[in-house]
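S.K.: Would you mind keeping the following structure in view while I ask a few things?
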Amino acid sequence: MRYVLSLDGGGIRGVIPALVLAKIEENSGKSIAELFDLIAGTSTGGILALGLCKKSANGSPEYSARDLLDIYVEHGREIFNRSFWRGMASANGLADEKYSEKGIENVLMRYFGNTPFGESLRHLIIPSYDIQNRTPLFFKSWREEFASIEMRKIARATSAAPTYFEPALVSVNGSQKALVDGGVFINNPVVSAYVEAKKLFPGEEIRVLSIGTGELVRAINYEEAKDWGKVAWALPLMSCVFDGVSDAADYQMRVLLGDNYIRLQVSLESASDDLDNASKGNIELLMQEAKRLLVTHESKIESIFR
């Protein structure tokens, strides 16, 4: 039996899977890296996946899921930080990226340093999109061409959401690539994770756990949208792409795996669905949503432990 974990993208909403994973670690008494054979994560999910599999000096995971929650609680405002003048100059992300890359790069350096991707404790798949060659790029920790790339650079690439951060420049196999958030084509990487697991572990039974960052419920009204042009559609369109891709992947996995597939997701009834709302109040609301998910899906979570 092989176990696969898939983590959606969602910016600051990564609070939700971080808390769910913390619950799994605390109840099982084992690290996520011990529990799963393959982990895939897009954007904020990719950052979590990398953090959970970063090896410490003694060979154990350097961070627990509870430790990684601080990326959002303690450093969320640092990542999504801009001056008044930047807000004016970027026209709130319409004329230039909304945030400087310095904040997120400082946080990633603090957590990952120069640790190479190939040293991860488990097989990892982290997607990004190459805008120069117009092609998806899947960073795979067991592949030689990706092994020497620093974890922080891969984390930066998978989370470079268009309009929020500028693309990440990463050297891959001697070629410089301009990369953006993997969510533009695969915000929920569960299907790709399953296909890769079939290749890595041929003939073995595979069980998959997929964790979302909150289901969007904010309506886009026809009367507003019918007169939108390119500028007005920019951010709403991205949220539609991210959410639609996640739902489609969930349906496909239900058909493919049936009872060997578990999806943990919650509708965002009180917290903001914005990727960058790192206010103290919204982070508290996201934590409440995560706790509601744990209660709502208690039987599913118990089945994970079994």
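Chain labels follow the order of the structure tokens: the first chain is A, the next B, and so on; residue numbering restarts at 1 in every chain, and ligands are counted from 1 in their shown order.
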If you run DSSP over the backbone, which residues in segment 26-212 of chain A end up helix (DSSP H, G or I)? Put them as a PyMOL selection string.

M.R.: chain A and resi 26-28+32-35+44-52+65-68+70-73+76-79+84-90+101-112+117-119+144-147+151-158+183-186+190-200

S.K.: Report as a PyMOL selection string all protein, DNA and RNA residues lying within 8 Å of Ile16 of chain A, evaluated on only C-alpha atoms, omitting residues in the same chain fewer than 2 positions from it.

M.R.: chain A and resi 13-14+18-20+212-214+286-287+289-290

S.K.: Which of these residues is nearest to Leu137 of chain A, using only C-alpha atoms: A:Gly182, A:Gly281, A:Gly174, A:Gly113?

M.R.: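 Nearest to Leu137 of chain A: A:Gly182.
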
S.K.: Using only C-alpha atoms, determine which residues lie at most 7 Å from segment 47-56 of chain A, disregarding the query and same-chain residues fewer than 3 positions distant; provide the list as an MDAnalysis selection string.

M.R.: chainID A and resid 32:33 39:41 43:44 59:65 68 119:122 151 155

S.K.: Go through A:Asp181, A:Glu196, A:Asp130, A:Glu150 one by one, measure the shortest atom-to-atom distance of each to Leu38 of chain A using only C-alpha atoms, and give the residue with the smallest value.

M.R.: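 Smallest distance to Leu38 of chain A is found for A:Glu196.
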
S.K.: So the first atom is atom CA of Ala278 of chain A and the second is atom CA of Ile262 of chain A; what is the distance between them in Å, to one decimal place?

M.R.: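 We find that atom CA of Ala278 of chain A and atom CA of Ile262 of chain A lie 28.5 Å from each other.
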
S.K.: DSSP on the backbone, then: every residue of segment 78-306 of chain A marked strand (DSSP E), written as number ranges by chain.

M.R.: A: 123-130, 135-140, 168-172, 175-181, 206-211, 261-264

S.K.: Nearest to Glu166 of chain A among A:Lys102, A:Leu216, A:Val15, A:Ser192, with distances taken over only C-alpha atoms: which residue is it?

M.R.: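 Closest residue, counting only C-alpha atoms: A:Lys102.
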
S.K.: Find the residues near Thr158 of chain A: any atom within 10 Å, counting only C-alpha atoms, skip ones fewer than 5 places away on the same chain, and give them as a compact mmCIF listing (two decimals) with N, CA, C and O atoms, in the first residue's frame.

M.R.:
```
# COMPACT_ATOMS: atom_id res chain seq x y z
N GLY A 9 -3.33 24.95 -3.92
CA GLY A 9 -2.87 26.32 -3.75
C GLY A 9 -3.96 27.18 -3.15
O GLY A 9 -5.12 26.77 -3.06
N GLY A 41 2.23 19.48 -4.12
CA GLY A 41 1.64 20.72 -3.63
C GLY A 41 1.84 21.85 -4.63
O GLY A 41 2.92 21.99 -5.21
N THR A 42 0.78 22.61 -4.84
CA THR A 42 0.85 23.78 -5.72
C THR A 42 0.83 25.05 -4.89
O THR A 42 0.06 25.16 -3.93
N SER A 43 1.67 26.01 -5.26
CA SER A 43 1.67 27.34 -4.64
C SER A 43 1.86 27.24 -3.13
O SER A 43 2.84 26.69 -2.66
N THR A 44 0.89 27.71 -2.35
CA THR A 44 1.03 27.61 -0.89
C THR A 44 1.12 26.15 -0.46
O THR A 44 1.82 25.82 0.51
N GLY A 45 0.45 25.26 -1.17
CA GLY A 45 0.55 23.83 -0.90
C GLY A 45 1.95 23.30 -1.18
O GLY A 45 2.45 22.40 -0.51
N GLY A 46 2.60 23.88 -2.19
CA GLY A 46 3.97 23.51 -2.50
C GLY A 46 4.93 23.93 -1.41
O GLY A 46 5.87 23.20 -1.06
N ILE A 47 4.71 25.13 -0.86
CA ILE A 47 5.55 25.60 0.24
C ILE A 47 5.40 24.68 1.44
O ILE A 47 6.39 24.30 2.09
N ILE A 126 6.23 19.45 -7.35
CA ILE A 126 5.85 20.85 -7.18
C ILE A 126 5.67 21.46 -8.57
O ILE A 126 6.65 21.63 -9.31
N PRO A 127 4.45 21.82 -8.98
CA PRO A 127 4.24 22.36 -10.32
C PRO A 127 4.45 23.87 -10.41
O PRO A 127 4.20 24.62 -9.47
N SER A 128 4.90 24.30 -11.59
CA SER A 128 5.01 25.71 -11.93
C SER A 128 4.74 25.81 -13.43
O SER A 128 4.57 24.79 -14.10
N TYR A 129 4.69 27.05 -13.95
CA TYR A 129 4.40 27.21 -15.38
C TYR A 129 5.46 28.09 -16.01
O TYR A 129 5.73 29.20 -15.54
N LEU A 137 5.71 22.91 -15.91
CA LEU A 137 6.96 22.34 -15.41
C LEU A 137 6.68 21.71 -14.05
O LEU A 137 6.23 22.38 -13.13
N PHE A 138 6.94 20.43 -13.94
CA PHE A 138 6.77 19.71 -12.68
C PHE A 138 8.15 19.44 -12.08
O PHE A 138 8.93 18.65 -12.64
N PHE A 139 8.44 20.10 -10.96
CA PHE A 139 9.68 19.80 -10.24
C PHE A 139 9.48 18.48 -9.50
O PHE A 139 8.56 18.36 -8.69
N LYS A 153 13.89 28.35 -4.08
CA LYS A 153 13.64 28.82 -5.44
C LYS A 153 12.44 28.11 -6.06
O LYS A 153 11.66 28.71 -6.80
N PRO A 167 7.26 37.06 -11.97
CA PRO A 167 7.71 35.68 -12.20
C PRO A 167 9.06 35.41 -11.54
O PRO A 167 9.85 36.33 -11.31
N ALA A 168 9.31 34.15 -11.23
CA ALA A 168 10.58 33.73 -10.64
C ALA A 168 11.52 33.27 -11.74
O ALA A 168 11.11 32.53 -12.65
N LEU A 179 9.20 31.54 -14.39
CA LEU A 179 8.15 30.65 -13.90
C LEU A 179 7.11 31.39 -13.08
O LEU A 179 7.43 32.31 -12.33
N VAL A 180 5.86 30.96 -13.22
CA VAL A 180 4.76 31.53 -12.44
C VAL A 180 4.01 30.41 -11.72
O VAL A 180 4.25 29.22 -11.94
N ASP A 181 3.11 30.81 -10.87
CA ASP A 181 2.31 29.94 -10.00
C ASP A 181 1.74 28.74 -10.76
O ASP A 181 1.09 28.91 -11.80
N GLY A 182 1.96 27.54 -10.23
CA GLY A 182 1.41 26.34 -10.83
C GLY A 182 -0.10 26.33 -10.88
O GLY A 182 -0.71 25.58 -11.64
N GLY A 183 -0.74 27.19 -10.06
CA GLY A 183 -2.19 27.24 -10.03
C GLY A 183 -2.82 27.70 -11.33
O GLY A 183 -4.02 27.48 -11.53
N VAL A 184 -2.06 28.31 -12.23
CA VAL A 184 -2.64 28.77 -13.49
C VAL A 184 -3.09 27.59 -14.36
O VAL A 184 -3.87 27.76 -15.28
```

S.K.: So, with only C-alpha atoms as the atoms that count, which of A:Ile24, A:Leu108, A:Val4, A:Leu256 lies closest to Ile71 of chain A?

M.R.: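 Result for the nearest residue to Ile71 of chain A: A:Leu108.
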
S.K.: Within 10 Å of Phe146 of chain A, counting only C-alpha atoms, which residues qualify if same-chain residues fewer than 2 places away don't, as a PyMOL selection string?

M.R.: chain A and resi 116-118+138-144+148-151+154+171-173

S.K.: Would you mind listing what lies within 6 Å of segment 160-165 of chain A as a VMD selection string, with only C-alpha atoms counted and same-chain residues fewer than 4 positions away left out?

M.R.: chain A and resid 93 97 to 99 101 180 to 181

S.K.: With distances taken over only C-alpha atoms, which of A:Glu34, A:Glu26, A:Glu284, A:Asp247 is nearest to Ser210 of chain A?

M.R.: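 Looking only at the distances to Ser210 of chain A, the closest residue turns out to be A:Asp247.
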
S.K.: With only C-alpha atoms as the atoms that count, which of A:Ala271, A:Ile186, A:Leu209, A:Val170 lies nearest to Tyr3 of chain A?

M.R.: A:Leu209
